[in-house]
Amino acid sequence: MRVRRVLTRWLVTLGVLHGIVGFAGFFAPYDPVEQDRKSPYLPPMRFHLIDGQGHFHARPFVYALKLREGSFDRYVENTTEPQPVRFFMKGAHYRLLGFLPCRRHLFGLENTRIYLLGTDAYGRDQLSRLLFGGQVSLLAGLLGAGITLSIGLCIGAVAGSFGGWRDSLLMRLAELFMALPWLYVLFAIRAFLPLAVSPLRAFFLIITVIGIVGWARPARLVRGVVLSAKERDFVRAARGFGATHGYLFRRHILPETSSVLLTQAAILIPQYVLAEMTLSFLGLGVPEPVPSWGNLLSSLQQYSVLVSYWWIYLPALAMVPFFLGYLGLASSLQERGAAYKIESRIWGI
Amino acid sequence: MLLSLFVFVGPPAIAFPQEKITKEELLVLPGEVGRPGGRLVVSLRGEPKTLNPLIAADARSREVIGVMQADLVHINRARQQTEPALAKSWKISPDGLSYTIVLRQGLKFSDGQPLDADDVLFTFRVYLDENVHAPQRDLLIVSGKPITVRKADAHTVVFQLAKTYGVGERLFDGLAILPRHLLEKPYQEGKLGQSGSLATAADQWAGLGPFRLKEYVAGQRLVLERNPYYWKSDAQGNRLPYVDELVFLFVPNADAQVLKFQSGETDMISQLGAENFSVLSRQQRGYTMTDAGPGLEYNFLFFNLNDAGEKTSPEMQRKQKWFREVKFRQAVSAAVDREAIVRLVYQGRGAALWGLVAPGNRRWGNEKLPHPAWSFERARALLKEAGFSWSNGPNGESTLLDSDGKPVEFSILTSSSNADRAKMAALMQDDLKQLGMRVQVVPLESRSLLDRVTQSRDYDACIMGIASYDADPNSDISVWLSSGGLHLWNPSQAHPATPWEAEIDRLIEEQMSARTFEQRKKLYDRAQEILAENQPMIFLASPNILAGAKNSIGNFRPAVLEPYVLWNVEQLYLKNGTENATR
């Protein structure tokens with residue numbers, strides 16, 4: 001039962017992380033595309049509880065940052081006026097989960113703006129961009145993996161249950177797909193698409209492309225499971241009792257593939273998030289100004305940004321828990337799969 | 001900074017033959033006297049294609065050729081005025097049609113062969129030969145007729161023009177005088193295009209510039225050595241150039257150039273972006289960064305105003321209906337926050353722009369050009385006058401609709417290799433969103449971008465930048481004239497498409513043949529006004545020229561004209577006790 005506990009822990013962690021990103025509008029203080037041209041490359045602000053005179057404030061506050069005279073990106077703290085952080089403030093319009101119009105934000109400031117992760121070259125809030133960018137990247141990963149797994153399941157099941165020339169044909173095709181250098185295929189496909197695509201269309205194109213390219217591996221795994229399941233004693237017995245093809249498939253074979261599919265999903269999702277990030281990082285993904293984790297990091301391609309503004313790296317750090325979560329989930333799923341097999345074998349005796 | 005440069009360079013130096021040296025008539029340069037020896041390493045944005053001025057079209061080749069060749073009359077890059085070079089003196093006839101040029105005596109090419117009037121005649125014959133396709137040919141055609149060249153004596157050449165030419169002796173700047181003894185044979189065989197490749201043996205190539213070919217290592221570097229026959233000397237009579245070797249390292253990427261300069265591998269750096277400039281300025285160790293002030297580069301947005309006739313797609317027709325509306329273009333111009341572009345893109349090291357003549361060009365800019373302030377109200381009023389309207393969305397965002405009720409959406413192309421212009425596009429995108437226009441920014445590799453704009457002409461709008469090579473209006477002639485290839489919004493027209501383009505054509509052609517500066521300036525000012533009224537190009541900003549050099553480099557004075565730091569390469573020297581860059 002330890003395995004199950006670990007599994008639950010990973011699931012809860014991932015659930016919380018996805019929840020935060022899913023409700024980005026609420027957790028983010030600002031609109032991710034809003035430019036504050038007076039504050040380019042503003043460093044992250046810190047929460048304070050004790051002010052310059054040594055007084056304690058129950059409500060956390062920040063100091064507003066002012067551009068230093070004659071400088072482009074050097075700021076000084078205005079320590080005379082602590083700016084208390086307000087919670088559940090009314091602010092920029094957004095749509096919760098993509099449809100509910102809403103204006104409440106978890107936190108904000110009354111008079112000036114708060115930048116907990118600093119700002120980018122246009123003075124856009126990095127925290128808001130990170131959260132909204134997560135929506136794009138994670139959704140791309142989830143949907144892409146969904147497409148891949150459905151295609152993989154269909155092809156694998158067909159190949160496994162029918163066998164013969166269909167099996168050979170599909171598996172050769174799968175090998176061909178596995179041999180493809182997928183990143184370059186993505187580049188090539190992106191290059192053929194029209195010049196100006198709206199962010200939404202670009203997003204769906206990427207998902208489809210990523211999703212279609214990767215079907216080969218899950219298809220092969222599913223085929224293996226189907227092949228072995230077909231010959232299991234209880235399946236043979238059921239067939240002997242006159243079960244139809246469809247019934248066997250639904251009742252016995254498909255459930256056998258579930259653990260493979262789940263593990264594959266846990267591996268594929270982060271892989272696809274990375275794929276989307278790679279494309280966006282190289283400017284082939286979701287176009288500006290819509291944020292995604294990839295184009296959030298793309299300014300780091302410039303040497304000057306690399307050495308001057310450390311907070312531009314922060315989004316990269318923030319992504320680590322997501323990948324860790326999925327990795328943990330995949331390994332505990334695998335463990336559970338192994339344990340389940342052992343258990344069923346013991347009981348089967 | 002610039003003012004001090006002028007003082008430093010002083011009045012033009014006309015050479016007087018100094019018996020003490022030889023009977024060669026050397027040009028004596030005023031200014032700081034340096035110390036001979038050492039080598040200078042600079043990076044080049046990639047490999048040059050050729051050393052042959054007749055086929056060089058890329059900036060890198062031209063940069064290298066610039067230090068290997070010389071011209072009759074040269075424009076001083078710091079003072080932006082002409083001064084004698086290979087020509088000792090020149091005289092323009094009272095009718096302005098004939099130019100008599102007297103060459104310096106006793107000059108030699110870098111391989112020791114003497115220079116005389118026959119080399120000049122040969123050079124211009126080759127430039128004007130249609131079969132050679134030299135890029136210089138267009139500059140030598142005045143009102144449809146090629147310039148004729150005649151030899152008066154061994155050191156005097158007479159140029160005859162069909163019509164007066166306002167540019168005057170500036171015409172000769174950049175026209176390298178070629179070695180007849182090396183090129184006559186390939187010319188007669190029709191093989192001039194193959195001459196002067198980088199693989200040429202060092203003794204098979206010669207020029208009149210301060211440096212000559214020594215070694216070329218493909219993909220790595222080009223090593224030039226001091227030309228011992230160079231025709232300039234310093235105030236103490238030492239023959240220039242000072243340094244023994246000039247090395248060009250091929251470094252294709254701007255950031256890599258910065259790293260090489262920072263690590264001391266290269267001695268000078270130029271064409272810096274503001275961001276890299278501030279990174280380098282922050283930790284100045286052993287080098288000094290210089291902001292030479294506003295340059296001649298102008299960045300602008302333009303819409304597709306080509307008329308493809310019946311081939312135009314319905315969508316394009318709809319879009320071009322907006323683009324052709326002057327008030328639409330004026331509204332876009334009014335909505336651009338130029339001050340933010342200067343601040344966020346150039347970190348304040350630049351200037352907002354309302355006309356084609358960049359602020360670095362003090363002589364030719366029209367100071368009366370209006371500088372309308374950034375105003376969404378004015379932009380909205382202009383759009384309303386032009387029949388546009390708005391529809392409001394649920395969250396307070398509005399969409400601009402044209403007179404047919406269709407939303408205004410278009411895309412802006414930018415070069416993917418230019419981070420500055422991509423940033424301008426992102427700022428404009430946000431500005432235009434305030435007007436309810438939905439704009440997409442499309443980064444494109446620069447060659448396919450140019451292809452789309454000038455060949456297939458399939459685009460909505462585009463951001464580009466052009467750097468004039470000279471302060472004279474002549475250097476932007478192909479932007480101004482409706483028949484010009486850089487008349488980007490509608491290039492190479494057979495007849496001017498609009499009355500105002502016809503008027504600009506007339507003014508520009510007239511100023512070309514006007515005799516005095518005042519006449520030319522008046523005509524040029526009017527052309528600038530017409531351009532500003534009609535806004536076919538929406539001017540955005542102009543960056544400062546930023547450069548840096550090791551403290552050990554003497555006479556380092558970056559200019560705002562190309563080649564920014566190498567214009568006085570013969571005078572650059574390594575200060576005492578600094579034997580640097582031995583790699």
# chains A, B, ... in the order shown; residues from 1 in each chain; ligands from 1
>>> residues_around(residues="Gly328 in chain A", least_positions_apart="5", cutoff="10 Å", atoms="only C-alpha atoms", output="list in words")
Val6, Leu7, Arg9, Trp10, Leu11, Leu14, Ala266, Ile267, Phe322, Phe323, Leu333 and Gln334 of chain A
>>> write_last_selection(atoms="C-alpha atoms", output="JSON list (two decimals), in the first residue's frame")
[["chain", "number", "residue", "atom", "x", "y", "z"],
["A", 6, "VAL", "CA", 3.28, 7.65, -2.97],
["A", 7, "LEU", "CA", 1.10, 7.69, -6.03],
["A", 9, "ARG", "CA", 1.06, 12.16, -3.05],
["A", 10, "TRP", "CA", 2.30, 12.78, -6.58],
["A", 11, "LEU", "CA", -1.22, 13.10, -7.90],
["A", 14, "LEU", "CA", 0.38, 17.72, -9.65],
["A", 266, "ALA", "CA", 2.93, 10.52, -17.47],
["A", 267, "ILE", "CA", 6.04, 10.30, -19.64],
["A", 322, "PHE", "CA", 5.99, 20.18, -12.86],
["A", 323, "PHE", "CA", 8.54, 17.97, -14.51],
["A", 333, "LEU", "CA", 2.72, 4.19, -11.86],
["A", 334, "GLN", "CA", 5.31, 1.80, -13.16]]
>>> closest_atom_pairs(of="chain A", to="chain B", cutoff="6 Å", atoms="only C-alpha atoms", output="Markdown table")
| residue | atom | partner | partner_atom | distance |
| --- | --- | --- | --- | --- |
| A:Phe72 | CA | B:Gln347 | CA | 5.6 |
| A:Tyr303 | CA | B:Asp255 | CA | 5.7 |
| A:Ser304 | CA | B:Asn276 | CA | 5.4 |
>>> select_by_dssp(residues="range 186-286 of chain B", states="strand (DSSP E)", output="ChimeraX atom specification")
/B:211-217,221-226,232-233,245-250,268-269
>>> write_last_selection(atoms="N, CA and C atoms", output="compact mmCIF listing (two decimals), in the first residue's frame")
# COMPACT_ATOMS: atom_id res chain seq x y z
N PHE B 211 46.24 48.61 -46.59
CA PHE B 211 46.62 47.23 -46.32
C PHE B 211 46.52 46.38 -47.57
N ARG B 212 47.31 45.29 -47.59
CA ARG B 212 47.24 44.37 -48.71
C ARG B 212 47.12 42.94 -48.19
N LEU B 213 46.72 42.06 -49.09
CA LEU B 213 46.41 40.69 -48.72
C LEU B 213 47.66 39.95 -48.23
N LYS B 214 47.49 39.20 -47.14
CA LYS B 214 48.61 38.37 -46.71
C LYS B 214 48.20 36.90 -46.68
N GLU B 215 47.10 36.63 -45.97
CA GLU B 215 46.73 35.23 -45.79
C GLU B 215 45.22 35.14 -45.56
N TYR B 216 44.62 34.09 -46.11
CA TYR B 216 43.20 33.87 -45.88
C TYR B 216 43.01 32.44 -45.40
N VAL B 217 42.40 32.29 -44.23
CA VAL B 217 42.11 30.95 -43.72
C VAL B 217 40.59 30.79 -43.75
N ARG B 221 39.78 33.44 -40.62
CA ARG B 221 40.26 34.82 -40.60
C ARG B 221 40.86 35.23 -41.93
N LEU B 222 40.97 36.55 -42.08
CA LEU B 222 41.64 37.13 -43.22
C LEU B 222 42.73 38.04 -42.65
N VAL B 223 43.96 37.78 -43.05
CA VAL B 223 45.07 38.57 -42.50
C VAL B 223 45.57 39.52 -43.59
N LEU B 224 45.59 40.81 -43.28
CA LEU B 224 46.12 41.80 -44.20
C LEU B 224 47.40 42.36 -43.61
N GLU B 225 48.34 42.71 -44.49
CA GLU B 225 49.56 43.33 -43.97
C GLU B 225 49.68 44.75 -44.48
N ARG B 226 50.54 45.49 -43.84
CA ARG B 226 50.75 46.89 -44.13
C ARG B 226 51.22 47.06 -45.58
N LYS B 232 50.07 57.95 -47.66
CA LYS B 232 49.79 58.96 -46.64
C LYS B 232 50.90 58.93 -45.60
N SER B 233 51.16 60.08 -44.99
CA SER B 233 52.13 60.10 -43.89
C SER B 233 51.57 60.96 -42.77
N GLU B 245 49.92 44.62 -39.18
CA GLU B 245 48.94 43.65 -39.64
C GLU B 245 47.54 44.03 -39.18
N LEU B 246 46.59 43.73 -40.03
CA LEU B 246 45.19 43.91 -39.67
C LEU B 246 44.50 42.56 -39.89
N VAL B 247 43.91 42.03 -38.82
CA VAL B 247 43.31 40.70 -38.91
C VAL B 247 41.79 40.82 -38.77
N PHE B 248 41.08 40.25 -39.72
CA PHE B 248 39.62 40.16 -39.60
C PHE B 248 39.26 38.75 -39.17
N LEU B 249 38.67 38.61 -37.99
CA LEU B 249 38.17 37.29 -37.57
C LEU B 249 36.73 37.18 -38.03
N PHE B 250 36.35 36.03 -38.56
CA PHE B 250 34.97 35.86 -39.00
C PHE B 250 34.13 35.41 -37.81
N MET B 268 38.90 45.96 -31.25
CA MET B 268 37.86 46.98 -31.39
C MET B 268 36.54 46.29 -31.68
N ILE B 269 35.46 46.99 -31.40
CA ILE B 269 34.15 46.46 -31.72
C ILE B 269 33.27 47.61 -32.18
>>> closest_residue(among="B:Ile177, B:Leu192, B:Ala292, B:Ala59", to="Arg45 in chain B", atoms="only C-alpha atoms")
B:Ala59
>>> residues_around(residues="Leu49 in chain A", least_positions_apart="4", cutoff="10 Å", atoms="only C-alpha atoms", output="PyMOL selection string")
chain A and resi 54-62+82+84
>>> write_last_selection(atoms="N, CA and C atoms", output="compact mmCIF listing (two decimals), in the first residue's frame")
# COMPACT_ATOMS: atom_id res chain seq x y z
N GLY A 54 11.95 50.12 11.74
CA GLY A 54 11.90 48.98 12.63
C GLY A 54 10.50 48.65 13.12
N HIS A 55 9.48 49.31 12.54
CA HIS A 55 8.11 48.99 12.93
C HIS A 55 7.65 47.71 12.25
N PHE A 56 6.88 46.94 13.01
CA PHE A 56 6.35 45.70 12.47
C PHE A 56 4.98 45.95 11.85
N HIS A 57 4.74 45.39 10.67
CA HIS A 57 3.42 45.51 10.03
C HIS A 57 2.82 44.12 9.95
N ALA A 58 1.57 44.00 10.37
CA ALA A 58 0.92 42.69 10.30
C ALA A 58 0.67 42.31 8.85
N ARG A 59 0.40 43.35 8.04
CA ARG A 59 0.12 43.11 6.63
C ARG A 59 1.43 43.22 5.85
N PRO A 60 1.81 42.20 5.11
CA PRO A 60 3.08 42.30 4.36
C PRO A 60 3.03 43.48 3.39
N PHE A 61 4.18 44.09 3.16
CA PHE A 61 4.21 45.21 2.22
C PHE A 61 5.45 45.11 1.33
N VAL A 62 5.43 45.89 0.26
CA VAL A 62 6.61 45.96 -0.61
C VAL A 62 6.97 47.43 -0.77
N PRO A 82 5.86 52.40 2.45
CA PRO A 82 5.57 50.98 2.29
C PRO A 82 4.23 50.80 1.58
N PRO A 84 1.32 48.42 1.27
CA PRO A 84 0.74 47.18 1.81
C PRO A 84 0.07 46.36 0.72
>>> select_by_dssp(residues="range 274-494 of chain B", states="alpha helix (DSSP H)", output="number ranges by chain")
B: 274-282, 314-323, 326-335, 338-346, 376-385, 419-434, 446-451, 477-480
>>> residues_around(residues="Pro543 in chain B", least_positions_apart="4", cutoff="8 Å", atoms="only C-alpha atoms", output="PyMOL selection string")
chain B and resi 294-295+297-298+342+346+349-351
>>> atom_distance(atom1="CA of Ala497 in chain B", atom2="CA of Gln511 in chain B")
21.1 Å
>>> atom_distance(atom1="CA of Phe300 in chain B", atom2="CA of Met537 in chain B")
6.0 Å
>>> residues_around(residues="Gly405 in chain B", least_positions_apart="5", cutoff="10 Å", atoms="only C-alpha atoms", output="MDAnalysis selection string")
chainID B and resid 388:391 400
>>> residues_around(residues="Ser137 in chain A", least_positions_apart="6", cutoff="12 Å", atoms="only C-alpha atoms", output="JSON, numbers by chain")
{"A": [18, 21, 22, 129, 130, 131, 143, 144, 203, 204, 206, 207, 269, 270, 271, 272, 273, 274, 275, 276, 277, 278, 279, 280, 281, 285, 286, 290, 291, 292, 293, 294, 295, 296, 319, 322]}
>>> residues_around(residues="Phe124 in chain B", least_positions_apart="4", cutoff="8 Å", atoms="only C-alpha atoms", output="PyMOL selection string")
chain B and resi 120+128+149
>>> atom_distance(atom1="CA of Gly106 in chain B", atom2="CA of Ala235 in chain B")
19.5 Å
